[in-house]
>>> print(open('target_15.cif').read())   # mmCIF, C-alpha atoms
data_run
#
loop_
_atom_site.label_atom_id
_atom_site.label_comp_id
_atom_site.auth_asym_id
_atom_site.auth_seq_id
_atom_site.Cartn_x
_atom_site.Cartn_y
_atom_site.Cartn_z
CA MET A 9 -103.18 160.63 242.11
CA ALA A 10 -102.28 159.73 238.53
CA SER A 11 -104.17 161.86 236.07
CA ALA A 12 -103.90 163.51 232.69
CA GLU A 13 -101.59 166.10 234.30
CA GLY A 14 -99.14 163.31 235.20
CA GLN A 15 -97.20 162.64 238.37
CA GLN A 16 -96.54 165.84 240.32
CA HIS A 17 -95.38 165.71 243.91
CA PRO A 18 -93.64 168.08 246.30
CA LEU A 19 -89.88 168.16 245.80
CA GLY A 20 -89.28 167.42 249.50
CA ILE A 21 -90.05 163.70 249.16
CA TYR A 22 -87.53 163.33 246.31
CA TYR A 23 -84.78 164.95 248.39
CA LYS A 24 -85.57 162.69 251.35
CA ILE A 25 -85.47 159.51 249.24
CA TRP A 26 -82.33 160.71 247.49
CA VAL A 27 -80.51 161.12 250.83
CA LEU A 28 -81.90 157.78 252.02
CA LEU A 29 -80.53 155.99 248.93
CA PHE A 30 -77.09 157.47 249.62
CA VAL A 31 -77.23 156.34 253.24
CA LEU A 32 -78.38 152.81 252.32
CA SER A 33 -75.63 152.52 249.68
CA GLY A 34 -73.17 153.67 252.31
CA PHE A 35 -74.41 150.93 254.64
CA SER A 36 -74.04 148.28 251.90
CA TYR A 37 -70.51 149.47 251.23
CA ALA A 38 -69.75 149.44 254.98
CA VAL A 39 -70.71 145.75 255.08
CA ASP A 40 -67.86 145.06 252.65
CA TYR A 41 -65.47 147.59 254.17
CA PHE A 42 -65.74 146.11 257.66
CA GLU A 43 -65.53 142.59 256.19
CA VAL A 44 -68.76 141.26 257.69
CA GLN A 45 -68.94 137.61 256.56
CA GLY A 46 -71.34 134.67 256.39
CA ALA A 47 -75.09 134.81 256.85
CA MET A 48 -74.86 138.30 258.38
CA ARG A 49 -73.24 139.62 255.17
CA TRP A 50 -75.89 138.05 252.92
CA GLY A 51 -78.70 139.18 255.16
CA LEU A 52 -77.54 142.80 255.43
CA VAL A 53 -76.61 143.21 251.75
CA ILE A 54 -79.93 141.77 250.55
CA PHE A 55 -81.88 143.80 253.13
CA PHE A 56 -80.29 147.10 252.03
CA MET A 57 -80.66 146.09 248.36
CA LEU A 58 -84.40 145.39 248.71
CA LEU A 59 -84.94 148.65 250.62
CA LYS A 60 -83.13 150.65 247.91
CA ALA A 61 -84.99 148.87 245.11
CA GLY A 62 -88.28 149.44 246.91
CA PHE A 63 -87.73 153.18 247.34
CA ILE A 64 -86.61 153.63 243.72
CA ILE A 65 -89.67 151.78 242.38
CA ALA A 66 -92.17 153.32 244.82
CA ILE A 67 -91.08 156.97 244.84
CA PHE A 68 -88.75 157.73 241.92
CA MET A 69 -90.79 155.59 239.51
CA HIS A 70 -94.06 156.79 241.15
CA VAL A 71 -95.51 153.28 241.51
CA VAL A 72 -96.93 154.07 244.96
CA TRP A 73 -99.14 156.74 243.35
CA GLU A 74 -100.26 154.69 240.33
CA ARG A 75 -103.63 152.97 239.99
CA LEU A 76 -103.65 149.31 241.05
CA ALA A 77 -104.37 148.13 237.48
CA LEU A 78 -100.90 149.36 236.44
CA VAL A 79 -99.19 148.42 239.73
CA PHE A 80 -100.24 144.77 239.43
CA THR A 81 -99.18 144.68 235.77
CA ILE A 82 -95.71 145.89 236.81
CA LEU A 83 -95.17 143.88 240.00
CA GLY A 84 -97.23 140.76 239.27
CA PRO A 85 -95.33 139.01 236.45
CA PRO A 86 -91.85 139.38 238.02
CA THR A 87 -92.98 137.46 241.13
CA VAL A 88 -92.73 134.22 239.12
CA LEU A 89 -89.00 134.91 239.04
CA LEU A 90 -88.87 133.94 242.73
CA LEU A 91 -89.87 130.41 241.72
CA PHE A 92 -87.24 130.44 238.95
CA ILE A 93 -84.55 131.56 241.43
CA GLY A 94 -85.59 128.83 243.86
CA LEU A 95 -85.49 126.11 241.18
CA MET A 96 -82.08 127.15 239.87
CA ALA A 97 -80.59 127.39 243.37
CA PHE A 98 -81.91 123.93 244.23
CA GLU A 99 -80.70 122.40 240.98
CA GLY A 100 -77.35 124.18 241.25
CA ALA A 101 -76.69 122.90 244.76
CA TYR A 102 -77.43 119.35 243.56
CA THR A 103 -75.03 119.69 240.60
CA GLU A 104 -72.26 121.04 242.83
CA GLU A 105 -72.69 118.24 245.35
CA THR A 106 -72.58 115.66 242.54
CA ARG A 107 -69.32 117.12 241.25
CA PHE A 108 -67.75 116.95 244.70
CA ASN A 109 -68.94 113.42 245.40
CA TYR A 110 -68.48 111.69 242.05
CA ARG A 111 -66.08 113.79 239.94
CA GLY A 112 -63.37 114.27 242.54
CA HIS A 113 -63.44 118.08 242.65
CA ASP A 114 -61.60 119.64 245.57
CA ARG A 115 -63.97 120.81 248.30
CA ASN A 116 -61.32 122.96 249.98
CA ALA A 117 -59.93 124.83 246.95
CA VAL A 118 -59.06 128.46 247.76
CA ALA A 119 -59.31 131.42 245.37
CA LEU A 120 -56.34 133.66 244.63
CA GLY A 121 -56.42 137.43 244.86
CA PRO A 122 -54.34 139.98 242.94
CA SER A 123 -51.99 140.30 245.94
CA ASP A 124 -51.20 136.55 245.88
CA ILE A 125 -50.34 136.69 242.20
CA HIS A 126 -48.21 139.84 242.49
CA HIS A 127 -46.60 138.36 245.58
CA ASP A 128 -45.62 135.26 243.58
CA GLU A 129 -44.04 137.42 240.90
CA HIS A 130 -41.91 139.16 243.52
CA SER A 131 -40.75 135.91 245.07
CA GLU A 132 -39.84 134.58 241.61
CA GLU A 133 -37.79 137.69 240.97
CA ALA A 134 -36.06 137.18 244.31
CA ALA A 135 -35.27 133.57 243.33
CA HIS A 136 -33.62 134.77 240.14
CA MET B 97 -115.13 161.05 227.66
CA SER B 98 -118.32 159.20 228.57
CA GLU B 99 -119.79 159.29 232.04
CA ALA B 100 -119.00 155.60 232.66
CA THR B 101 -115.28 156.11 231.97
CA THR B 102 -115.11 159.12 234.25
CA GLN B 103 -116.66 157.08 237.01
CA ALA B 104 -114.18 154.23 236.52
CA VAL B 105 -111.22 156.58 236.77
CA SER B 106 -112.49 158.15 239.96
CA GLN B 107 -112.58 154.79 241.76
CA ASP B 108 -109.48 153.77 243.72
CA GLY B 109 -108.16 150.53 245.15
CA MET B 110 -109.30 147.03 244.24
CA THR B 111 -112.71 148.13 242.93
CA GLY B 112 -110.95 150.57 240.63
CA MET B 113 -108.61 147.84 239.42
CA VAL B 114 -111.49 145.51 238.57
CA ASP B 115 -113.19 148.38 236.74
CA ASP B 116 -110.00 149.22 234.83
CA TRP B 117 -109.24 145.65 233.77
CA SER B 118 -112.82 144.95 232.74
CA ALA B 119 -113.09 148.25 230.87
CA ASP B 120 -113.93 147.88 227.21
CA ARG B 121 -111.70 150.63 225.92
CA GLN B 122 -108.80 151.44 228.22
CA ALA B 123 -107.25 149.47 231.10
CA TYR B 124 -104.48 151.89 232.03
CA HIS B 125 -105.39 155.51 232.66
CA VAL B 126 -101.94 156.82 231.80
CA PRO B 127 -100.52 158.16 228.52
CA TRP B 128 -99.98 155.25 226.11
CA GLY B 129 -96.24 155.99 225.97
CA LYS B 130 -95.97 155.45 229.70
CA ALA B 131 -97.86 152.16 229.60
CA MET B 132 -95.60 150.98 226.77
CA MET B 133 -92.45 152.04 228.63
CA TRP B 134 -93.61 150.05 231.66
CA ILE B 135 -94.26 146.97 229.54
CA PHE B 136 -90.81 147.32 228.01
CA LEU B 137 -89.26 147.68 231.48
CA VAL B 138 -91.07 144.58 232.77
CA SER B 139 -89.71 142.58 229.81
CA ASP B 140 -86.24 144.04 230.44
CA THR B 141 -86.59 142.91 234.05
CA PHE B 142 -86.92 139.36 232.75
CA ILE B 143 -83.79 139.71 230.61
CA PHE B 144 -81.66 140.98 233.48
CA SER B 145 -83.18 138.38 235.80
CA CYS B 146 -82.19 135.62 233.36
CA PHE B 147 -78.60 136.92 233.43
CA LEU B 148 -78.53 137.13 237.22
CA ILE B 149 -80.17 133.71 237.65
CA GLY B 150 -77.68 132.27 235.14
CA TYR B 151 -74.94 133.82 237.28
CA LEU B 152 -76.46 132.24 240.40
CA ASN B 153 -76.51 128.86 238.70
CA VAL B 154 -72.90 128.89 237.46
CA ARG B 155 -71.68 130.28 240.76
CA VAL B 156 -73.44 127.55 242.74
CA THR B 157 -72.46 124.70 240.40
CA THR B 158 -68.80 125.57 239.86
CA THR B 159 -66.45 123.74 242.19
CA ASP B 160 -63.65 126.21 241.50
CA PRO B 161 -63.46 128.90 244.18
CA TRP B 162 -65.08 132.23 243.23
CA PRO B 163 -62.53 135.06 242.85
CA PRO B 164 -62.47 137.52 245.79
CA GLN B 165 -64.33 140.51 244.28
CA SER B 166 -63.54 142.85 247.15
CA GLU B 167 -59.82 142.48 246.44
CA ILE B 168 -60.06 142.39 242.64
CA PHE B 169 -62.10 145.59 242.46
CA ALA B 170 -59.93 147.42 244.97
CA LEU B 171 -58.20 150.57 243.82
CA SER B 172 -55.22 152.33 245.30
CA PHE B 173 -54.81 156.10 245.42
CA GLY B 174 -51.13 156.08 246.29
CA GLY B 175 -51.60 154.20 249.58
CA ASP B 176 -53.08 150.82 250.44
CA PRO B 177 -55.78 149.59 248.03
CA ILE B 178 -59.30 150.52 249.18
CA PRO B 179 -61.75 147.63 248.57
CA LEU B 180 -64.49 148.19 245.95
CA ILE B 181 -63.92 151.95 245.99
CA LEU B 182 -64.48 152.46 242.25
CA ILE B 183 -67.73 150.48 242.37
CA ALA B 184 -68.89 152.54 245.37
CA ILE B 185 -68.18 155.77 243.47
CA MET B 186 -70.02 154.41 240.41
CA THR B 187 -73.00 153.57 242.64
CA PHE B 188 -73.07 157.09 244.07
CA VAL B 189 -72.77 158.62 240.59
CA LEU B 190 -75.76 156.61 239.39
CA ILE B 191 -77.89 157.47 242.45
CA THR B 192 -77.02 161.15 242.01
CA SER B 193 -78.14 160.95 238.39
CA SER B 194 -81.40 159.33 239.49
CA GLY B 195 -82.01 162.27 241.82
CA THR B 196 -81.36 164.89 239.14
CA MET B 197 -83.68 162.97 236.81
CA ALA B 198 -86.47 163.01 239.42
CA LEU B 199 -86.04 166.79 239.67
CA ALA B 200 -86.08 167.11 235.86
CA VAL B 201 -89.44 165.29 235.73
CA ASN B 202 -90.81 167.69 238.33
CA PHE B 203 -89.63 170.83 236.53
CA GLY B 204 -90.90 169.36 233.26
CA TYR B 205 -94.45 169.28 234.60
CA GLN B 206 -93.98 172.88 235.80
CA LYS B 207 -93.08 173.67 232.15
CA ASP B 208 -89.80 175.17 233.31
CA LYS B 209 -87.91 174.39 230.10
CA ALA B 210 -84.54 175.86 231.10
CA LYS B 211 -84.30 173.93 234.39
CA THR B 212 -85.62 170.70 232.82
CA PHE B 213 -83.08 170.94 230.00
CA LEU B 214 -80.23 171.61 232.43
CA LEU B 215 -81.20 168.79 234.81
CA ILE B 216 -81.59 166.22 232.01
CA CYS B 217 -78.16 167.24 230.66
CA ILE B 218 -76.63 166.86 234.16
CA THR B 219 -78.26 163.41 234.41
CA ALA B 220 -76.81 162.43 231.04
CA ALA B 221 -73.38 163.73 232.10
CA PHE B 222 -73.45 161.56 235.23
CA GLY B 223 -74.48 158.62 233.04
CA ALA B 224 -71.55 159.24 230.70
CA THR B 225 -69.23 159.47 233.73
CA PHE B 226 -70.53 156.11 234.89
CA VAL B 227 -69.82 154.50 231.50
CA GLY B 228 -66.35 156.07 231.51
CA MET B 229 -65.55 154.58 234.90
CA GLN B 230 -66.86 151.23 233.72
CA ALA B 231 -64.55 151.37 230.70
CA PHE B 232 -61.67 152.07 233.10
CA GLU B 233 -62.69 149.11 235.25
CA TRP B 234 -62.92 146.82 232.22
CA SER B 235 -59.47 147.79 230.95
CA LYS B 236 -58.00 147.32 234.44
CA LEU B 237 -59.45 143.81 234.65
CA ILE B 238 -58.40 142.92 231.12
CA ALA B 239 -54.87 144.07 231.97
CA GLU B 240 -54.92 141.73 234.97
CA GLY B 241 -55.74 138.81 232.67
CA VAL B 242 -59.50 138.47 233.21
CA ARG B 243 -61.14 137.06 230.07
CA PRO B 244 -64.66 135.76 229.36
CA TRP B 245 -63.20 132.23 229.34
CA GLY B 246 -60.81 132.41 232.28
CA ASN B 247 -58.84 134.42 234.80
CA PRO B 248 -55.84 133.94 237.09
CA PHE B 249 -57.86 134.11 240.32
CA GLY B 250 -60.40 131.28 240.36
CA ALA B 251 -63.58 130.13 238.62
CA PRO B 252 -63.43 130.91 234.86
CA GLN B 253 -67.16 131.79 234.93
CA PHE B 254 -66.27 134.97 236.81
CA GLY B 255 -65.11 136.67 233.60
CA SER B 256 -68.03 135.59 231.46
CA VAL B 257 -70.58 136.76 234.03
CA PHE B 258 -68.73 140.00 234.66
CA PHE B 259 -68.42 141.04 231.01
CA MET B 260 -71.93 139.89 230.13
CA VAL B 261 -73.83 141.48 233.02
CA THR B 262 -71.90 144.74 233.38
CA GLY B 263 -71.60 145.02 229.61
CA PHE B 264 -75.34 144.70 229.07
CA HIS B 265 -76.00 147.17 231.87
CA GLY B 266 -73.41 149.59 230.45
CA LEU B 267 -75.13 149.32 227.08
CA HIS B 268 -78.39 150.33 228.77
CA VAL B 269 -76.70 153.34 230.38
CA THR B 270 -75.15 154.36 227.04
CA GLY B 271 -78.52 154.04 225.31
CA GLY B 272 -80.09 156.02 228.15
CA VAL B 273 -77.59 158.87 227.77
CA ILE B 274 -78.40 159.16 224.05
CA TYR B 275 -82.16 158.98 224.76
CA LEU B 276 -81.91 161.64 227.48
CA LEU B 277 -79.91 164.03 225.31
CA TRP B 278 -82.49 163.64 222.55
CA VAL B 279 -85.33 164.42 224.98
CA ALA B 280 -83.35 167.34 226.47
CA LEU B 281 -82.88 168.86 223.02
CA ARG B 282 -86.59 168.58 222.28
CA VAL B 283 -87.47 170.13 225.65
CA LYS B 284 -85.23 173.08 224.86
CA ARG B 285 -86.82 173.57 221.44
CA GLY B 286 -90.29 173.61 223.02
CA TYR B 287 -91.38 170.47 221.16
CA TYR B 288 -93.41 169.29 224.17
CA ASP B 289 -95.24 172.58 224.85
CA ASN B 290 -98.36 171.30 223.11
CA LYS B 291 -97.76 167.57 223.40
CA GLY B 292 -97.28 167.65 227.18
CA TYR B 293 -94.28 166.84 229.32
CA GLU B 294 -95.13 163.19 230.10
CA ILE B 295 -92.21 162.22 227.86
CA VAL B 296 -89.78 163.50 230.51
CA GLU B 297 -91.41 161.23 233.08
CA ILE B 298 -91.28 158.30 230.63
CA ALA B 299 -87.57 158.89 229.96
CA GLY B 300 -87.17 159.17 233.74
CA LEU B 301 -88.76 155.74 234.23
CA TYR B 302 -86.12 154.22 231.93
CA TRP B 303 -83.32 156.02 233.75
CA HIS B 304 -84.50 154.96 237.22
CA PHE B 305 -84.77 151.39 235.92
CA VAL B 306 -81.11 151.46 234.88
CA ASP B 307 -80.28 152.62 238.43
CA LEU B 308 -82.51 149.88 239.83
CA VAL B 309 -80.71 147.16 237.87
CA TRP B 310 -77.40 148.50 239.18
CA VAL B 311 -78.68 148.12 242.78
CA PHE B 312 -79.03 144.37 242.13
CA ILE B 313 -75.72 144.04 240.27
CA PHE B 314 -73.92 145.96 243.02
CA ALA B 315 -75.31 143.61 245.67
CA PHE B 316 -75.08 140.25 243.92
CA PHE B 317 -71.99 140.62 241.79
CA TYR B 318 -69.75 142.91 243.81
CA LEU B 319 -70.77 142.54 247.46
CA LEU B 320 -71.79 138.88 247.79
#
>>> encode(input="target_15.cif", output="structure tokens")
Amino acid sequence: MASAEGQQHPLGIYYKIWVLLFVLSGFSYAVDYFEVQGAMRWGLVIFFMLLKAGFIIAIFMHVVWERLALVFTILGPPTVLLLFIGLMAFEGAYTEETRFNYRGHDRNAVALGPSDIHHDEHSEEAAH
Amino acid sequence: MSEATTQAVSQDGMTGMVDDWSADRQAYHVPWGKAMMWIFLVSDTFIFSCFLIGYLNVRVTTTDPWPPQSEIFALSFGGDPIPLILIAIMTFVLITSSGTMALAVNFGYQKDKAKTFLLICITAAFGATFVGMQAFEWSKLIAEGVRPWGNPFGAPQFGSVFFMVTGFHGLHVTGGVIYLLWVALRVKRGYYDNKGYEIVEIAGLYWHFVDLVWVFIFAFFYLL
């Protein structure tokens, strides 16, 4: 428990969480490496992200052992951010739709990657 | 300490919380420095959240396609480019530094000055490595033509979000490295022998927060 002596816990739990964070980061990276796409990608990345964030806050930052007065001060105010995120996502989707429908923006535009650009340079050189 | 205060501290759970918040003198039974660090970190959470929510908004509203991060942040070691490899290494470096910091806090409370000093210095070294790799990443992107106002790949907002968010995070890491080295030096000189070693835990809170922010940047900016 939190006291004047501060937060002291057995080292074992830190090692376990440390390894767990490595494994979870590895999983997040694997999602990109194996090119998982769509809702599955979003779901997995956000799931691993929340798990990692939770373990860092709970164990490394000792929140799980703090008194509730401090815990609620830390975790309470940021929950309003969920509302903020929801509002901005809703408003953003509306703006995007308006631009497609009334400003003539291309719905099927495709992004370029470095390989496309370098590829173009090569073909230009070949043309010369 | 009066008898009433002692009683309030001994209570746990919701009853304890009501006691703490209705206490006349002290709501948080932690060193004042720790309470202040937490309040700073909560306010910093709002700053980073504003950046990330701003990013969400421009990414949703822009009708230009978002550049393919996986390809842009790929790095080649002689062979085919490996997607996001530098970012993955940076993530592992930061997690490693979080682990060494957790150990430093533990040895601090055991008053093991030599080990605490060494572990804080290792943490700071990992932090400096992280900033170095970020500088490399920035220069690579700048060389490829990414600017805060545009880039050759897609939506111009990509550059502004990238430089703003990673720059502000990098600034936090840099500040953290300086802060940690300062604490490490004071640990070595025995400055905290009488004052207590809570300061190592407080510095640790800041460092874990920097790692925490990176968890969100890694997911939202690089992976999604």
>>> resolve_selection(input="target_15.cif", expression="the PyMOL selection byres ((chain A) within 6 of (chain B))", output="VMD selection string")
chain A and resid 26 61 69 76 to 77 96 100 103 to 104 118 to 121
>>> write_last_selection(input="target_15.cif", atoms="C-alpha atoms", output="PDB file, in the coordinates of the input")
ATOM      1  CA  TRP A  26     -82.330 160.710 247.490  1.00  0.00           C
ATOM      2  CA  ALA A  61     -84.990 148.870 245.110  1.00  0.00           C
ATOM      3  CA  MET A  69     -90.790 155.590 239.510  1.00  0.00           C
ATOM      4  CA  LEU A  76    -103.650 149.310 241.050  1.00  0.00           C
ATOM      5  CA  ALA A  77    -104.370 148.130 237.480  1.00  0.00           C
ATOM      6  CA  MET A  96     -82.080 127.150 239.870  1.00  0.00           C
ATOM      7  CA  GLY A 100     -77.350 124.180 241.250  1.00  0.00           C
ATOM      8  CA  THR A 103     -75.030 119.690 240.600  1.00  0.00           C
ATOM      9  CA  GLU A 104     -72.260 121.040 242.830  1.00  0.00           C
ATOM     10  CA  VAL A 118     -59.060 128.460 247.760  1.00  0.00           C
ATOM     11  CA  ALA A 119     -59.310 131.420 245.370  1.00  0.00           C
ATOM     12  CA  LEU A 120     -56.340 133.660 244.630  1.00  0.00           C
ATOM     13  CA  GLY A 121     -56.420 137.430 244.860  1.00  0.00           C
TER      14      GLY A 121
END
>>> resolve_selection(input="target_15.cif", expression="the PyMOL selection byres ((chain A and resi 52) around 12)", output="PDB file with C-alpha atoms, in the frame of the given file")
ATOM      1  CA  LEU A  32     -78.380 152.810 252.320  1.00  0.00           C
ATOM      2  CA  SER A  33     -75.630 152.520 249.680  1.00  0.00           C
ATOM      3  CA  PHE A  35     -74.410 150.930 254.640  1.00  0.00           C
ATOM      4  CA  SER A  36     -74.040 148.280 251.900  1.00  0.00           C
ATOM      5  CA  TYR A  37     -70.510 149.470 251.230  1.00  0.00           C
ATOM      6  CA  ALA A  38     -69.750 149.440 254.980  1.00  0.00           C
ATOM      7  CA  VAL A  39     -70.710 145.750 255.080  1.00  0.00           C
ATOM      8  CA  ASP A  40     -67.860 145.060 252.650  1.00  0.00           C
ATOM      9  CA  VAL A  44     -68.760 141.260 257.690  1.00  0.00           C
ATOM     10  CA  GLN A  45     -68.940 137.610 256.560  1.00  0.00           C
ATOM     11  CA  GLY A  46     -71.340 134.670 256.390  1.00  0.00           C
ATOM     12  CA  ALA A  47     -75.090 134.810 256.850  1.00  0.00           C
ATOM     13  CA  MET A  48     -74.860 138.300 258.380  1.00  0.00           C
ATOM     14  CA  ARG A  49     -73.240 139.620 255.170  1.00  0.00           C
ATOM     15  CA  TRP A  50     -75.890 138.050 252.920  1.00  0.00           C
ATOM     16  CA  GLY A  51     -78.700 139.180 255.160  1.00  0.00           C
ATOM     17  CA  VAL A  53     -76.610 143.210 251.750  1.00  0.00           C
ATOM     18  CA  ILE A  54     -79.930 141.770 250.550  1.00  0.00           C
ATOM     19  CA  PHE A  55     -81.880 143.800 253.130  1.00  0.00           C
ATOM     20  CA  PHE A  56     -80.290 147.100 252.030  1.00  0.00           C
ATOM     21  CA  MET A  57     -80.660 146.090 248.360  1.00  0.00           C
ATOM     22  CA  LEU A  58     -84.400 145.390 248.710  1.00  0.00           C
ATOM     23  CA  LEU A  59     -84.940 148.650 250.620  1.00  0.00           C
TER      24      LEU A  59
ATOM     25  CA  ALA B 315     -75.310 143.610 245.670  1.00  0.00           C
ATOM     26  CA  LEU B 319     -70.770 142.540 247.460  1.00  0.00           C
ATOM     27  CA  LEU B 320     -71.790 138.880 247.790  1.00  0.00           C
TER      28      LEU B 320
END
>>> residues_around(input="target_15.cif", residues="range 256-266 of chain B", least_positions_apart="3", cutoff="10 Å", atoms="all atoms listed in the file", output="MDAnalysis selection string")
chainID B and resid 143:144 147:148 150:152 154:155 223:224 226:228 230:231 234 242:247 252:253 269:272 306:307 309:310 313:314 317:318
>>> atom_distance(input="target_15.cif", atom1="CA of Ile65 in chain A", atom2="CA of Gln15 in chain A")
13.8 Å
